[in-house]
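To be precise, the following lines are entry_24.pdb, and they hold PDB, C-alpha atoms.
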```pdb
ATOM      1  CA  MET A   1      11.407  20.322 -31.014
ATOM      2  CA  ILE A   2      14.444  19.530 -28.908
ATOM      3  CA  LEU A   3      13.276  22.213 -26.485
ATOM      4  CA  LEU A   4       9.970  20.373 -26.144
ATOM      5  CA  PHE A   5      11.885  17.181 -25.424
ATOM      6  CA  TYR A   6      13.859  18.821 -22.635
ATOM      7  CA  LEU A   7      10.732  20.425 -21.174
ATOM      8  CA  LEU A   8       8.833  17.112 -21.074
ATOM      9  CA  SER A   9      11.880  15.322 -19.655
ATOM     10  CA  ALA A  10      12.292  17.894 -16.894
ATOM     11  CA  ILE A  11       8.617  17.588 -15.968
ATOM     12  CA  MET A  12       8.912  13.800 -15.899
ATOM     13  CA  ILE A  13      12.057  13.695 -13.773
ATOM     14  CA  ILE A  14      10.776  16.279 -11.277
ATOM     15  CA  CYS A  15       7.430  14.533 -10.915
ATOM     16  CA  ALA A  16       9.095  11.129 -10.533
ATOM     17  CA  LEU A  17      11.297  12.516  -7.762
ATOM     18  CA  ALA A  18       8.201  14.030  -6.154
ATOM     19  CA  VAL A  19       6.496  10.619  -6.285
ATOM     20  CA  VAL A  20       9.407   9.132  -4.388
ATOM     21  CA  PHE A  21       9.923  11.893  -1.839
ATOM     22  CA  SER A  22       6.491  13.324  -1.003
ATOM     23  CA  LYS A  23       4.678  11.799   1.938
ATOM     24  CA  ASN A  24       0.990  12.197   1.209
ATOM     25  CA  PRO A  25      -0.319   9.292  -0.942
ATOM     26  CA  ILE A  26      -2.825  11.520  -2.757
ATOM     27  CA  ASN A  27       0.009  13.859  -3.772
ATOM     28  CA  ASN A  28       1.967  10.838  -4.971
ATOM     29  CA  VAL A  29      -0.868   9.841  -7.283
ATOM     30  CA  ILE A  30      -1.275  13.372  -8.641
ATOM     31  CA  TYR A  31       2.445  13.661  -9.391
ATOM     32  CA  LEU A  32       2.388  10.262 -11.056
ATOM     33  CA  ILE A  33      -0.503  11.394 -13.273
ATOM     34  CA  VAL A  34       1.478  14.477 -14.357
ATOM     35  CA  CYS A  35       4.475  12.234 -15.057
ATOM     36  CA  PHE A  36       2.361   9.926 -17.210
ATOM     37  CA  LEU A  37       0.874  12.840 -19.159
ATOM     38  CA  ALA A  38       4.393  14.039 -19.941
ATOM     39  CA  MET A  39       5.212  10.512 -21.068
ATOM     40  CA  ALA A  40       2.229  10.588 -23.443
ATOM     41  CA  GLY A  41       3.782  13.759 -24.858
ATOM     42  CA  HIS A  42       6.992  11.815 -25.405
ATOM     43  CA  TYR A  43       5.065   9.142 -27.294
ATOM     44  CA  ILE A  44       3.587  11.801 -29.560
ATOM     45  CA  LEU A  45       7.104  13.179 -30.110
ATOM     46  CA  LEU A  46       8.165   9.670 -31.126
ATOM     47  CA  ASN A  47       5.340   9.553 -33.679
ATOM     48  CA  ALA A  48       3.536   6.793 -31.748
ATOM     49  CA  GLN A  49       0.082   8.300 -31.497
ATOM     50  CA  PHE A  50      -1.693   5.013 -30.810
ATOM     51  CA  LEU A  51       0.517   4.315 -27.821
ATOM     52  CA  ALA A  52       0.000   7.860 -26.539
ATOM     53  CA  VAL A  53      -3.777   7.464 -26.575
ATOM     54  CA  VAL A  54      -3.642   3.976 -25.042
ATOM     55  CA  HIS A  55      -1.226   5.236 -22.391
ATOM     56  CA  ILE A  56      -3.562   8.055 -21.369
ATOM     57  CA  ILE A  57      -6.600   5.755 -21.335
ATOM     58  CA  VAL A  58      -4.972   2.859 -19.487
ATOM     59  CA  TYR A  59      -2.656   4.641 -17.069
ATOM     60  CA  THR A  60      -4.214   7.978 -16.181
ATOM     61  CA  GLY A  61      -7.712   6.704 -16.868
ATOM     62  CA  ALA A  62      -7.782   3.270 -15.277
ATOM     63  CA  ILE A  63      -4.744   2.524 -13.141
ATOM     64  CA  MET A  64      -4.514   5.895 -11.419
ATOM     65  CA  VAL A  65      -8.259   5.895 -10.682
ATOM     66  CA  LEU A  66      -7.766   2.441  -9.171
ATOM     67  CA  PHE A  67      -4.947   3.812  -7.001
ATOM     68  CA  LEU A  68      -7.103   6.736  -5.880
ATOM     69  CA  PHE A  69     -10.018   4.411  -5.107
ATOM     70  CA  VAL A  70      -7.840   2.142  -2.978
ATOM     71  CA  ILE A  71      -6.294   5.097  -1.133
ATOM     72  CA  MET A  72      -9.709   6.508  -0.344
ATOM     73  CA  LEU A  73     -11.131   3.081   0.509
ATOM     74  CA  LEU A  74      -8.344   2.431   2.990
ATOM     75  CA  ASN A  75      -8.589   5.995   4.316
ATOM     76  CA  LEU A  76      -4.905   6.757   3.794
ATOM     77  CA  ASN A  77      -5.356  10.332   2.650
ATOM     78  CA  LYS A  78      -3.591  11.830   5.634
ATOM     79  CA  ALA A  79       0.173  11.821   5.612
ATOM     80  CA  ILE A  80       1.084   8.701   7.492
ATOM     81  CA  ILE A  81       4.497   8.512   9.052
ATOM     82  CA  LEU A  82       5.936   5.319   7.627
ATOM     83  CA  ARG A  83       9.628   5.961   7.234
ATOM     84  CA  LYS A  84      12.543   3.628   7.065
ATOM     85  CA  SER A  85      15.593   4.318   9.167
ATOM     86  CA  THR A  86      17.943   7.048   8.027
ATOM     87  CA  VAL A  87      20.656   4.557   7.092
ATOM     88  CA  THR A  88      18.273   2.655   4.832
ATOM     89  CA  ARG A  89      17.029   5.825   3.156
ATOM     90  CA  VAL A  90      20.492   7.220   2.510
ATOM     91  CA  SER A  91      21.667   3.894   1.161
ATOM     92  CA  ALA A  92      18.586   3.718  -1.084
ATOM     93  CA  VAL A  93      19.465   7.101  -2.604
ATOM     94  CA  ILE A  94      23.101   6.068  -3.032
ATOM     95  CA  THR A  95      22.042   2.781  -4.631
ATOM     96  CA  GLY A  96      19.800   4.588  -7.099
ATOM     97  CA  GLY A  97      22.531   7.039  -8.043
ATOM     98  CA  VAL A  98      25.162   4.366  -8.457
ATOM     99  CA  PHE A  99      22.768   2.252 -10.516
ATOM    100  CA  PHE A 100      22.170   5.251 -12.784
ATOM    101  CA  LEU A 101      25.905   5.777 -13.256
ATOM    102  CA  VAL A 102      26.583   2.096 -13.926
ATOM    103  CA  LEU A 103      23.845   1.832 -16.534
ATOM    104  CA  LEU A 104      25.020   5.079 -18.121
ATOM    105  CA  ALA A 105      28.579   3.773 -18.357
ATOM    106  CA  ALA A 106      27.390   0.448 -19.724
ATOM    107  CA  THR A 107      25.334   2.031 -22.512
ATOM    108  CA  ARG A 108      27.914   4.687 -23.274
ATOM    109  CA  GLN A 109      29.407   2.766 -26.165
ATOM    110  CA  THR A 110      26.055   2.317 -27.852
ATOM    111  CA  PHE A 111      25.537   6.034 -28.274
ATOM    112  CA  GLU A 112      26.712   6.134 -31.859
ATOM    113  CA  ILE A 113      23.760   3.937 -32.819
ATOM    114  CA  HIS A 114      21.865   7.056 -33.791
ATOM    115  CA  ALA A 115      24.091   7.616 -36.776
ATOM    116  CA  ARG A 116      23.342   4.165 -38.142
ATOM    117  CA  TYR A 117      19.599   4.289 -37.472
ATOM    118  CA  PRO A 118      18.099   7.682 -38.222
ATOM    119  CA  PHE A 119      14.573   8.353 -37.109
ATOM    120  CA  ALA A 120      12.172   6.657 -39.520
ATOM    121  CA  SER A 121       8.752   5.974 -38.094
ATOM    122  CA  ASP A 122       5.527   6.152 -40.057
ATOM    123  CA  PHE A 123       3.573   3.343 -38.406
ATOM    124  CA  GLY A 124       2.497   4.987 -35.161
ATOM    125  CA  LEU A 125      -1.172   5.320 -36.042
ATOM    126  CA  VAL A 126      -3.818   2.697 -35.365
ATOM    127  CA  SER A 127      -3.609   1.207 -38.850
ATOM    128  CA  GLY A 128       0.131   0.580 -38.723
ATOM    129  CA  ILE A 129       0.072  -1.020 -35.279
ATOM    130  CA  GLY A 130      -3.149  -2.922 -35.952
ATOM    131  CA  LYS A 131      -1.766  -4.596 -39.050
ATOM    132  CA  VAL A 132       1.114  -6.054 -37.050
ATOM    133  CA  LEU A 133      -0.975  -6.791 -33.970
ATOM    134  CA  PHE A 134      -3.629  -8.779 -35.791
ATOM    135  CA  SER A 135      -1.346 -10.701 -38.113
ATOM    136  CA  GLU A 136       1.956 -11.465 -36.436
ATOM    137  CA  PHE A 137       0.890 -11.145 -32.811
ATOM    138  CA  LEU A 138      -2.650 -12.497 -33.000
ATOM    139  CA  LEU A 139      -2.047 -15.451 -30.665
ATOM    140  CA  PRO A 140      -0.440 -13.422 -27.842
ATOM    141  CA  PHE A 141      -3.248 -10.891 -28.217
ATOM    142  CA  GLU A 142      -5.856 -13.594 -27.657
ATOM    143  CA  ILE A 143      -3.897 -15.166 -24.807
ATOM    144  CA  SER A 144      -3.764 -11.792 -23.051
ATOM    145  CA  SER A 145      -7.553 -12.045 -22.634
ATOM    146  CA  ILE A 146      -6.987 -15.207 -20.583
ATOM    147  CA  LEU A 147      -4.470 -13.254 -18.524
ATOM    148  CA  PHE A 148      -7.081 -10.573 -17.878
ATOM    149  CA  ILE A 149      -9.692 -13.124 -16.815
ATOM    150  CA  SER A 150      -7.288 -14.820 -14.428
ATOM    151  CA  ALA A 151      -6.218 -11.444 -13.013
ATOM    152  CA  MET A 152      -9.866 -10.501 -12.494
ATOM    153  CA  VAL A 153     -10.611 -13.801 -10.735
ATOM    154  CA  GLY A 154      -7.500 -13.394  -8.602
ATOM    155  CA  ALA A 155      -8.416  -9.847  -7.624
ATOM    156  CA  LEU A 156     -11.921 -10.964  -6.649
ATOM    157  CA  MET A 157     -10.508 -13.871  -4.636
ATOM    158  CA  PHE A 158      -8.188 -11.541  -2.722
ATOM    159  CA  GLY A 159     -10.919  -8.977  -2.227
ATOM    160  CA  LYS A 160     -13.436 -11.337  -0.659
ATOM    161  CA  LYS A 161     -14.010 -11.056   3.072
ATOM    162  CA  ASP A 162     -13.426 -14.683   4.082
ATOM    163  CA  VAL A 163     -12.156 -17.200   1.580
TER
ATOM    164  CA  MET B 164       3.102  12.911 -41.079
ATOM    165  CA  LYS B 165       6.220  13.414 -43.146
ATOM    166  CA  GLU B 166       7.000  16.865 -41.802
ATOM    167  CA  ILE B 167       6.521  15.613 -38.239
ATOM    168  CA  SER B 168       9.060  12.851 -38.864
ATOM    169  CA  SER B 169      11.617  15.227 -40.289
ATOM    170  CA  ALA B 170      11.213  17.553 -37.308
ATOM    171  CA  ILE B 171      11.730  14.754 -34.779
ATOM    172  CA  GLN B 172      14.986  13.692 -36.375
ATOM    173  CA  LEU B 173      16.691  16.464 -34.449
ATOM    174  CA  ILE B 174      16.374  14.514 -31.196
ATOM    175  CA  PRO B 175      19.197  11.991 -30.885
ATOM    176  CA  LEU B 176      18.445   8.512 -29.612
ATOM    177  CA  GLU B 177      20.850   8.758 -26.691
ATOM    178  CA  ASN B 178      18.623  11.368 -25.065
ATOM    179  CA  TYR B 179      15.903   8.769 -24.752
ATOM    180  CA  ILE B 180      18.378   6.199 -23.404
ATOM    181  CA  VAL B 181      19.583   8.589 -20.699
ATOM    182  CA  LEU B 182      16.030   9.632 -19.814
ATOM    183  CA  SER B 183      14.904   6.006 -19.476
ATOM    184  CA  ILE B 184      17.898   5.110 -17.327
ATOM    185  CA  ALA B 185      17.195   8.072 -15.065
ATOM    186  CA  LEU B 186      13.526   7.141 -14.686
ATOM    187  CA  PHE B 187      14.360   3.501 -13.990
ATOM    188  CA  SER B 188      16.897   4.521 -11.330
ATOM    189  CA  ILE B 189      14.367   6.824  -9.689
ATOM    190  CA  GLY B 190      11.822   4.013  -9.641
ATOM    191  CA  MET B 191      14.290   1.578  -8.134
ATOM    192  CA  MET B 192      15.323   4.159  -5.550
ATOM    193  CA  GLY B 193      11.667   4.606  -4.652
ATOM    194  CA  VAL B 194      11.137   0.880  -4.187
ATOM    195  CA  LEU B 195      14.065   0.812  -1.756
ATOM    196  CA  PHE B 196      13.129   4.128  -0.134
ATOM    197  CA  ARG B 197       9.451   3.829   0.742
ATOM    198  CA  ARG B 198       7.642   1.693   3.292
ATOM    199  CA  ASN B 199       4.128   2.369   2.074
ATOM    200  CA  THR B 200       3.072  -0.551  -0.120
ATOM    201  CA  ILE B 201       0.964   1.618  -2.438
ATOM    202  CA  ALA B 202       3.921   3.954  -3.000
ATOM    203  CA  ILE B 203       6.080   0.949  -3.847
ATOM    204  CA  LEU B 204       3.516  -0.107  -6.449
ATOM    205  CA  MET B 205       3.630   3.421  -7.907
ATOM    206  CA  CYS B 206       7.408   3.259  -8.186
ATOM    207  CA  LEU B 207       7.020  -0.089  -9.961
ATOM    208  CA  GLU B 208       4.802   1.722 -12.458
ATOM    209  CA  LEU B 209       7.565   4.265 -13.006
ATOM    210  CA  MET B 210      10.012   1.484 -13.844
ATOM    211  CA  PHE B 211       7.520  -0.141 -16.216
ATOM    212  CA  ASN B 212       7.052   3.157 -17.997
ATOM    213  CA  SER B 213      10.726   3.863 -18.414
ATOM    214  CA  VAL B 214      11.121   0.503 -20.146
ATOM    215  CA  ASN B 215       8.103   1.257 -22.333
ATOM    216  CA  LEU B 216       9.572   4.591 -23.377
ATOM    217  CA  LEU B 217      12.906   3.045 -24.316
ATOM    218  CA  LEU B 218      11.217   0.279 -26.285
ATOM    219  CA  THR B 219       9.124   2.815 -28.176
ATOM    220  CA  ALA B 220      12.171   4.935 -28.923
ATOM    221  CA  PHE B 221      14.123   1.971 -30.292
ATOM    222  CA  SER B 222      11.110   0.880 -32.305
ATOM    223  CA  ALA B 223      10.698   4.328 -33.816
ATOM    224  CA  TYR B 224      14.381   4.755 -34.641
ATOM    225  CA  HIS B 225      14.681   1.239 -36.020
ATOM    226  CA  SER B 226      11.386   1.557 -37.949
ATOM    227  CA  ASP B 227      10.117  -1.769 -36.646
ATOM    228  CA  PRO B 228       6.493  -1.782 -35.440
ATOM    229  CA  SER B 229       6.965  -4.916 -33.320
ATOM    230  CA  GLY B 230       8.476  -2.837 -30.522
ATOM    231  CA  GLN B 231       5.345  -0.750 -30.158
ATOM    232  CA  VAL B 232       3.198  -3.894 -30.146
ATOM    233  CA  PHE B 233       5.358  -5.177 -27.308
ATOM    234  CA  VAL B 234       4.776  -1.933 -25.423
ATOM    235  CA  PHE B 235       1.060  -2.558 -25.846
ATOM    236  CA  PHE B 236       1.442  -6.036 -24.326
ATOM    237  CA  ILE B 237       3.504  -4.647 -21.450
ATOM    238  CA  MET B 238       0.686  -2.202 -20.727
ATOM    239  CA  ILE B 239      -1.772  -5.134 -20.633
ATOM    240  CA  VAL B 240       0.393  -7.052 -18.183
ATOM    241  CA  ALA B 241       0.905  -3.934 -16.041
ATOM    242  CA  ALA B 242      -2.840  -3.370 -15.809
ATOM    243  CA  ALA B 243      -3.458  -6.958 -14.682
ATOM    244  CA  GLU B 244      -0.556  -6.782 -12.224
ATOM    245  CA  ILE B 245      -1.802  -3.562 -10.643
ATOM    246  CA  ALA B 246      -5.323  -4.966 -10.222
ATOM    247  CA  VAL B 247      -3.987  -8.002  -8.336
ATOM    248  CA  GLY B 248      -1.411  -5.972  -6.394
ATOM    249  CA  LEU B 249      -3.924  -3.424  -5.162
ATOM    250  CA  SER B 250      -6.301  -6.166  -4.028
ATOM    251  CA  ILE B 251      -3.388  -7.676  -2.102
ATOM    252  CA  VAL B 252      -2.912  -4.261  -0.460
ATOM    253  CA  VAL B 253      -6.608  -4.151   0.458
ATOM    254  CA  MET B 254      -6.367  -7.633   1.982
ATOM    255  CA  MET B 255      -3.218  -6.634   3.872
ATOM    256  CA  LYS B 256      -4.952  -3.579   5.300
ATOM    257  CA  ARG B 257      -7.873  -5.750   6.367
ATOM    258  CA  ASN B 258      -5.724  -8.395   8.044
ATOM    259  CA  VAL B 259      -2.926  -6.457   9.730
ATOM    260  CA  ASP B 260      -4.545  -2.985   9.664
ATOM    261  CA  SER B 261      -1.580  -1.265   8.029
ATOM    262  CA  VAL B 262       0.073  -0.803   4.658
ATOM    263  CA  ASP B 263       3.569  -1.032   6.102
ATOM    264  CA  ILE B 264       5.696  -3.350   3.978
ATOM    265  CA  ASN B 265       7.838  -4.262   6.993
ATOM    266  CA  LEU B 266       4.926  -6.155   8.528
ATOM    267  CA  LEU B 267       5.278  -8.675   5.712
ATOM    268  CA  ASN B 268       8.928  -9.413   6.506
ATOM    269  CA  ARG B 269       8.126 -13.046   7.172
ATOM    270  CA  LEU B 270       7.794 -13.448   3.406
ATOM    271  CA  LYS B 271      11.550 -13.041   3.147
ATOM    272  CA  TRP B 272      12.305 -16.567   4.326
TER
END
```
Now, as a test, write the supplied structure out as structure tokens.
Amino acid sequence: MILLFYLLSAIMIICALAVVFSKNPINNVIYLIVCFLAMAGHYILLNAQFLAVVHIIVYTGAIMVLFLFVIMLLNLNKAIILRKSTVTRVSAVITGGVFFLVLLAATRQTFEIHARYPFASDFGLVSGIGKVLFSEFLLPFEISSILFISAMVGALMFGKKDV
Amino acid sequence: MKEISSAIQLIPLENYIVLSIALFSIGMMGVLFRRNTIAILMCLELMFNSVNLLLTAFSAYHSDPSGQVFVFFIMIVAAAEIAVGLSIVVMMKRNVDSVDINLLNRLKW
């Protein structure tokens, strides 16, 4: 099981680095899809099956198709040379690495939390999540529909030829 | 269900913390690194997903289903945000005929 964790993590990290460093936008999307599939595997490892299914449907099914549509609509499928200056790129890599180290050092003292909270999850299926979602979080769930409508209207407004 | 839970107990929580931190750093590095606006949106997705993974891990180890409901809401917000963001990219391509983020530098001040 821990081997599976390391395998999925390695796939995720490599694909995330490929998303950042590869030039072709289509390749970026494909690597991001692989990364998200590995993340769905992590959700299944965490006994959160509902989230795994929703993640595959929403991310690899909807958002990535949207990305691919926009890339093909804008005809960006050839590798375009849009690069920042070398100084900016090197400093971006250094900033990312330093940020990783700082966060790691900051959370270092919380690592014994595992001893106090052993893994105990038996609510990952639709019934367990649905009970909480439709009792405690019913109002935010309904309000999110308003968010979707406003996002749809906003996207249509931006997409129109001449407003 | 029970035997799955007992098998997962072998993975310590700190592995998930380190993995999420690494993914978030890679996403932030990508936002600073790229000039293509669509690639920047993809790196934003990476950062969203690292936070989702950490929230799910804490929820599972703390046996509190509210964390997974929050992940569900974050996915909703991310979907709406990507729809609006990609339409902004389409409008940008139509108006300035490029997806270079540096052409929008007047938004900085």
Taking only C-alpha atoms into account and nothing else, which residues of chain B lie no more than 6 Å away from chain A? Please answer as an mmCIF file with C-alpha atoms, in the frame of the given file.
```cif
data_model
loop_
_atom_site.group_PDB
_atom_site.id
_atom_site.type_symbol
_atom_site.label_atom_id
_atom_site.label_comp_id
_atom_site.auth_asym_id
_atom_site.auth_seq_id
_atom_site.Cartn_x
_atom_site.Cartn_y
_atom_site.Cartn_z
ATOM 1 C CA GLN B 172 14.986 13.692 -36.375
ATOM 2 C CA ILE B 174 16.374 14.514 -31.196
ATOM 3 C CA LEU B 176 18.445 8.512 -29.612
ATOM 4 C CA GLU B 177 20.850 8.758 -26.691
ATOM 5 C CA SER B 188 16.897 4.521 -11.330
ATOM 6 C CA MET B 192 15.323 4.159 -5.550
ATOM 7 C CA GLY B 193 11.667 4.606 -4.652
ATOM 8 C CA LEU B 195 14.065 0.812 -1.756
ATOM 9 C CA PHE B 196 13.129 4.128 -0.134
ATOM 10 C CA ARG B 198 7.642 1.693 3.292
ATOM 11 C CA ALA B 223 10.698 4.328 -33.816
ATOM 12 C CA TYR B 224 14.381 4.755 -34.641
ATOM 13 C CA HIS B 225 14.681 1.239 -36.020
ATOM 14 C CA SER B 226 11.386 1.557 -37.949
ATOM 15 C CA ALA B 243 -3.458 -6.958 -14.682
ATOM 16 C CA VAL B 247 -3.987 -8.002 -8.336
ATOM 17 C CA SER B 250 -6.301 -6.166 -4.028
#
```
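Distances here use all atoms listed in the file; by that measure, the residue among B:Val194, B:Ser183, B:Glu244, B:Asp263 closest to Thr219 in chain B is B:Ser183.
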For Met210 in chain B, list every protein, DNA or RNA residue within 8 Å, evaluated using only C-alpha atoms, and leave out those in the same chain fewer than 5 positions away; present the list as a ChimeraX atom specification. /B:186-188,190-191
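Restricting the calculation to all atoms listed in the file, the smallest distance between Leu37 in chain A and any of B:Asn212, B:Asn199, B:Ser261, B:Ser222 is found for B:Asn212.
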Nearest-residue call for Leu217 in chain B, choices B:Met254, B:Ile264, B:Ile184, B:Leu270, using all atoms listed in the file: B:Ile184
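Going from CA of Ala18 in chain A to CA of Val259 in chain B covers 28.2 Å.
Pairwise distance (CA of Gln231 in chain B, CA of Ile30 in chain A) equals 26.6 Å.
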Report the distance between CA of Ala38 in chain A and CA of Ile11 in chain A in Å, rounded to one decimal place. 6.8 Å
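Among the candidate residues A:Ile57, A:Ala106, A:Leu8, A:Cys15, the one lying nearest to Ile189 in chain B is A:Cys15, with distances computed using all atoms listed in the file.
Among B:Ile251, B:Ala241, B:Leu207, B:Val234, the residue with the shortest atom-to-atom distance to Phe221 in chain B, counting all atoms listed in the file, is B:Val234.
With all atoms listed in the file as the atoms that count, the minimum distance from Met255 in chain B to the choices B:Ile201, B:Leu209, B:Ala185, B:Val232 is reached by B:Ile201.
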